[in-house]
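Everything on this sheet refers to the single structure shown next.
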Amino acid sequence: MRSQKLVGATSGRQESKDRCPYLSVEVIGTAKLSPTEPLLNHRSTIVSQYKSTKGFDQMINTKILKIIGNKEEDEKNIERAAQELRQGGLVAFPTETVYGLGGNGLDPLVVDKIYKAKGRPSDNPMILHISDIKDLAPLVLNIPPIAEKLINKFWPGPLTLIFKKSSIVPERVTGGLDTVAIRMPAHIIANKLIKKAGLPIAAPSANISGKPSPTKGEHVIKDMMGRVEIILEDKQSNIGLESTVLDITPPTPIILRPGAITYRDLKEILGKVDIDRSIMEGKSQNLAPKSPGMKYTHYAPNAPMTIVQGTRWKVIEKINEMAAEYIAQGRHVGILVTQENIEYYTRGTIMCAGSRDKPDTIAINLFDLLRQFDEENVDIIFAEGIEGEGIEMAIKNRMNKAAGHRIICV
Ligand code: TXA
Ligand code: MG
């Protein structure tokens with residue numbers, strides 16, 4: 001027996017013209033697991049990873065300060081958060097990419113607190129965030145001419161550059177590397193906060209390690225309550241994926257993480273730019289990642305996710321076929337699709353990521369939807385693959401990682 005329910009936008013969700021509501025079909029039936037599908041094993045591993053990092057021992061009294069659009073109030077809250085940063089506290093704050101979990105990037109003890117709050121492996125280095133170009137020179141050995149070109153074009157914005165580090169940058173923040181990642185966010189609140197703090201701010205994404213990066217205040221609150229002194233809560237991040245990471249220390253700069261500043265954008269300025277091969281290929285390829293963060297599980301929803309990639313109708317057919325098979329076993333199936341194809345899916349909890357014509361919309365929604373699948377308690381997720389040369393590359397990279405590189409080509 002099946003019952004169908006239409007789930008509209010929940011309260012508090014930011015509405016946008018490009019976001020389509022999602023359809024949920026509740027399945028009632030007997031749970032039968034196919035012996036070939038390691039669903040339960042997967043889930044218990046993910047959940048136990050999550051729980052073990054959740055066992056954070058010294059809970060802090062977290063203050064949530066909301067940015068409400070009232071200049072005086074907002075300035076007061078940003079000042080309060082900046083003061084916390086100066087005193088060695090941790091502040092989660094909005095940026096145009098994703099929310100960051102910030103602390104004094106020059107103090108190894110504070111950096112330790114960040115690793116602990118996130119449950120992050122300590123060999124995974126952090127980005128130092130600055131608010132002004134003049135703050136760059138003290139942190140790096142030199143600023144090569146190509147860095148100047150890139151900075152003129154893309155800063156402030158979603159581009160992180162890797163430089164040789166200066167001696168004032170603690171090894172704790174770079175995970176022992178002699179290079180340092182620097183970014184100057186364009187987000188006005190982030191910029192003011194860093195300026196007022198008067199420090200380079202180490203800020204990984206403000207999620208529990210391994211979970212999707214937070215793009216909304218509610219995601220940060222869910223992951224970081226009790227772990228940071230202050231959460232500065234603003235609207236949804238308007239890019240939704242983390243910054244492009246570009247290593248400019250080799251003779252040909254190399255993209256270590258794709259983002260909103262695309263391969264094409266960088267090629268236009270640099271002429272030649274490489275892409276680290278491990279970005280799109282799985283761990284099984286035995287490629288040593290140049291960015292330590294790339295070797296860890298990322299963005300994983302609780303349920304195992306499989307990406308189906310290929311021609312349009314074959315993808316739709318394959319996802320419907322697999323969904324039907326699992327639904328017949330009584331499993332709760334989540335399906336992540338694009339606006340252009342949504343009408344061809346009828347069964348499962350169907351979420352619309354956005355439009356293929358406007359891939360920015362997919363970038364904005366992706367991490368939120370991965371978290372929504374957790375809320376919906378789905379057992380398994382099937383997702384349409386996304387291809388393209390712009391921000392699609394970043395979307396594909398994050399989806400492949402969320403799926404643990406489980407990809408079916410049809
Ligand atoms: O958009 C963003 O970049 C967000 C916001 C908060 O600014 N931050 C963010 O930080 O995504 P995080 O720590 O989640 O990711 C930083 C990435 C990791 O993959 C890390 O391995 C890499 O940058 N990274 C940092 N320093 C590096 C270095 N010296 N060499 C190579 N990769 C580095
Ligand atoms: Mg992260």
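Ligands are numbered from 1 in the order shown, chains are lettered A, B, ... in the order of the structure tokens, and residues start at 1 in each chain.
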Please return as a ChimeraX atom specification: the residues of range 184-318 of chain A that backbone DSSP assigns to helix (DSSP H, G or I).
-> /A:188-197,217-224,263-270,277-279,283-285,292-295,312-318
Within 6 Å of ligand 1, counting only C-alpha atoms and all ligand atoms, which protein or nucleic acid residues do you find, written as an NGL selection string?
-> :A and (97-100 or 124-127 or 162 or 174 or 177 or 179-181 or 203-205 or 242-243 or 291-294)
Residues from last step as file, C-alpha atoms, as an mmCIF file, in the first residue's frame:
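Once written, selection.cif looks like this:
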```
data_model
loop_
_atom_site.group_PDB
_atom_site.id
_atom_site.type_symbol
_atom_site.label_atom_id
_atom_site.label_comp_id
_atom_site.auth_asym_id
_atom_site.auth_seq_id
_atom_site.Cartn_x
_atom_site.Cartn_y
_atom_site.Cartn_z
ATOM 1 C CA THR A 97 30.325 30.482 -0.448
ATOM 2 C CA VAL A 98 29.373 28.625 2.747
ATOM 3 C CA TYR A 99 29.379 29.503 6.463
ATOM 4 C CA GLY A 100 32.832 29.449 8.066
ATOM 5 C CA ASN A 124 43.850 19.003 6.850
ATOM 6 C CA PRO A 125 44.996 22.625 6.590
ATOM 7 C CA MET A 126 42.775 25.668 6.901
ATOM 8 C CA ILE A 127 42.239 28.775 4.830
ATOM 9 C CA ILE A 162 47.946 28.890 -2.105
ATOM 10 C CA THR A 174 48.761 24.610 7.468
ATOM 11 C CA LEU A 177 52.840 22.316 5.010
ATOM 12 C CA THR A 179 52.292 26.716 1.999
ATOM 13 C CA VAL A 180 49.258 28.665 3.180
ATOM 14 C CA ALA A 181 45.777 29.080 1.683
ATOM 15 C CA ALA A 203 37.917 29.310 8.871
ATOM 16 C CA PRO A 204 37.014 25.897 7.569
ATOM 17 C CA SER A 205 33.390 25.341 6.609
ATOM 18 C CA GLU A 242 33.127 26.368 -1.206
ATOM 19 C CA SER A 243 35.704 28.580 -2.908
ATOM 20 C CA SER A 291 45.121 19.234 -1.163
ATOM 21 C CA PRO A 292 44.968 17.168 2.015
ATOM 22 C CA GLY A 293 41.222 17.859 2.374
ATOM 23 C CA MET A 294 40.513 15.915 -0.788
#
```
Using only C-alpha atoms, what table do you get, as JSON lines, when you list each residue of range 62-93 of chain A with an atom no more than 10 Å from range 108-121 of chain A, its nearest pair of atoms, and their distance in Å rounded to one decimal, rows by chain then rising number?
```
{"residue": "A:Leu85", "atom": "CA", "partner": "A:Val110", "partner_atom": "CA", "distance": 9.4}
{"residue": "A:Gln87", "atom": "CA", "partner": "A:Val110", "partner_atom": "CA", "distance": 9.8}
{"residue": "A:Gly88", "atom": "CA", "partner": "A:Val110", "partner_atom": "CA", "distance": 6.0}
{"residue": "A:Gly89", "atom": "CA", "partner": "A:Val110", "partner_atom": "CA", "distance": 7.3}
{"residue": "A:Leu90", "atom": "CA", "partner": "A:Ile114", "partner_atom": "CA", "distance": 7.3}
{"residue": "A:Val91", "atom": "CA", "partner": "A:Ile114", "partner_atom": "CA", "distance": 9.8}
```
Filtering to C-alpha atoms, could you give me those residues as a PDB file, in the first residue's frame?
```
ATOM      1  CA  LEU A  85      37.649  36.381  17.964  1.00  0.00           C
ATOM      2  CA  GLN A  87      39.809  36.971  22.845  1.00  0.00           C
ATOM      3  CA  GLY A  88      40.524  33.568  21.299  1.00  0.00           C
ATOM      4  CA  GLY A  89      36.910  32.411  20.927  1.00  0.00           C
ATOM      5  CA  LEU A  90      35.285  30.705  17.931  1.00  0.00           C
ATOM      6  CA  VAL A  91      32.709  32.445  15.744  1.00  0.00           C
TER       7      VAL A  91
END
```
Using backbone DSSP assignments, extract all strand (DSSP E) residues from range 99-167 of chain A; output them as an MDAnalysis selection string.
-> chainID A and resid 100:104 127:129 159:164
Print the selection's residues with C-alpha atoms to a file, as a PDB file, in the first residue's frame.
```
ATOM      1  CA  GLY A 100      32.832  29.449   8.066  1.00  0.00           C
ATOM      2  CA  LEU A 101      33.966  28.393  11.549  1.00  0.00           C
ATOM      3  CA  GLY A 102      36.408  31.140  12.447  1.00  0.00           C
ATOM      4  CA  GLY A 103      39.142  31.695  14.984  1.00  0.00           C
ATOM      5  CA  ASN A 104      42.466  33.543  15.302  1.00  0.00           C
ATOM      6  CA  ILE A 127      42.239  28.775   4.830  1.00  0.00           C
ATOM      7  CA  LEU A 128      43.250  32.111   6.361  1.00  0.00           C
ATOM      8  CA  HIS A 129      40.635  34.783   5.638  1.00  0.00           C
ATOM      9  CA  LEU A 159      38.945  32.183  -4.931  1.00  0.00           C
ATOM     10  CA  THR A 160      41.464  30.778  -2.445  1.00  0.00           C
ATOM     11  CA  LEU A 161      45.121  31.061  -3.429  1.00  0.00           C
ATOM     12  CA  ILE A 162      47.946  28.890  -2.105  1.00  0.00           C
ATOM     13  CA  PHE A 163      51.210  30.750  -1.420  1.00  0.00           C
ATOM     14  CA  LYS A 164      54.489  29.856   0.246  1.00  0.00           C
TER      15      LYS A 164
END
```
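Note that CA of Asn70 in chain A and CA of Thr215 in chain A are 21.9 Å apart.
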Neighbouring residues of Arg406 in chain A were defined as those with any atom within 9 Å, considering only C-alpha atoms; residues of the same chain fewer than 4 positions away were excluded. Please report them as an mmCIF file with C-alpha atoms, in the first residue's frame.
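The resulting file, part08.cif, is reproduced below:
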```
data_model
loop_
_atom_site.group_PDB
_atom_site.id
_atom_site.type_symbol
_atom_site.label_atom_id
_atom_site.label_comp_id
_atom_site.auth_asym_id
_atom_site.auth_seq_id
_atom_site.Cartn_x
_atom_site.Cartn_y
_atom_site.Cartn_z
ATOM 1 C CA GLY A 282 37.741 8.503 -6.989
ATOM 2 C CA PRO A 304 24.276 6.022 0.474
ATOM 3 C CA MET A 305 23.963 8.022 -2.713
ATOM 4 C CA THR A 306 24.451 6.797 -6.278
ATOM 5 C CA ILE A 307 24.867 9.129 -9.237
ATOM 6 C CA VAL A 308 23.468 8.106 -12.600
ATOM 7 C CA ASN A 400 30.790 12.612 -6.607
ATOM 8 C CA LYS A 401 32.279 13.012 -3.140
#
```
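A straight line drawn from CA of Thr252 in chain A to CA of Val273 in chain A is 5.9 Å long.
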Can you tell me, as a ChimeraX atom specification, what residues are no more than 8 Å from Ser166 in chain A when counting only C-alpha atoms, ignoring any on the same chain fewer than 3 positions away?
-> /A:138-141,169
Please, could you write that set of residues out with C-alpha atoms as a PDB file, in the first residue's frame?
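Resulting contents of part-v5.pdb:
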```pdb
ATOM      1  CA  PRO A 138      52.818  39.496   6.120  1.00  0.00           C
ATOM      2  CA  LEU A 139      51.372  35.983   5.703  1.00  0.00           C
ATOM      3  CA  VAL A 140      53.304  34.904   2.600  1.00  0.00           C
ATOM      4  CA  LEU A 141      56.926  34.647   1.459  1.00  0.00           C
ATOM      5  CA  VAL A 169      51.768  31.475  10.015  1.00  0.00           C
TER       6      VAL A 169
END
```
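Closest approach to Lys216 in chain A among A:Tyr263, A:Tyr345, A:Phe93, A:Phe154 is made by A:Phe93 (distances from only C-alpha atoms).
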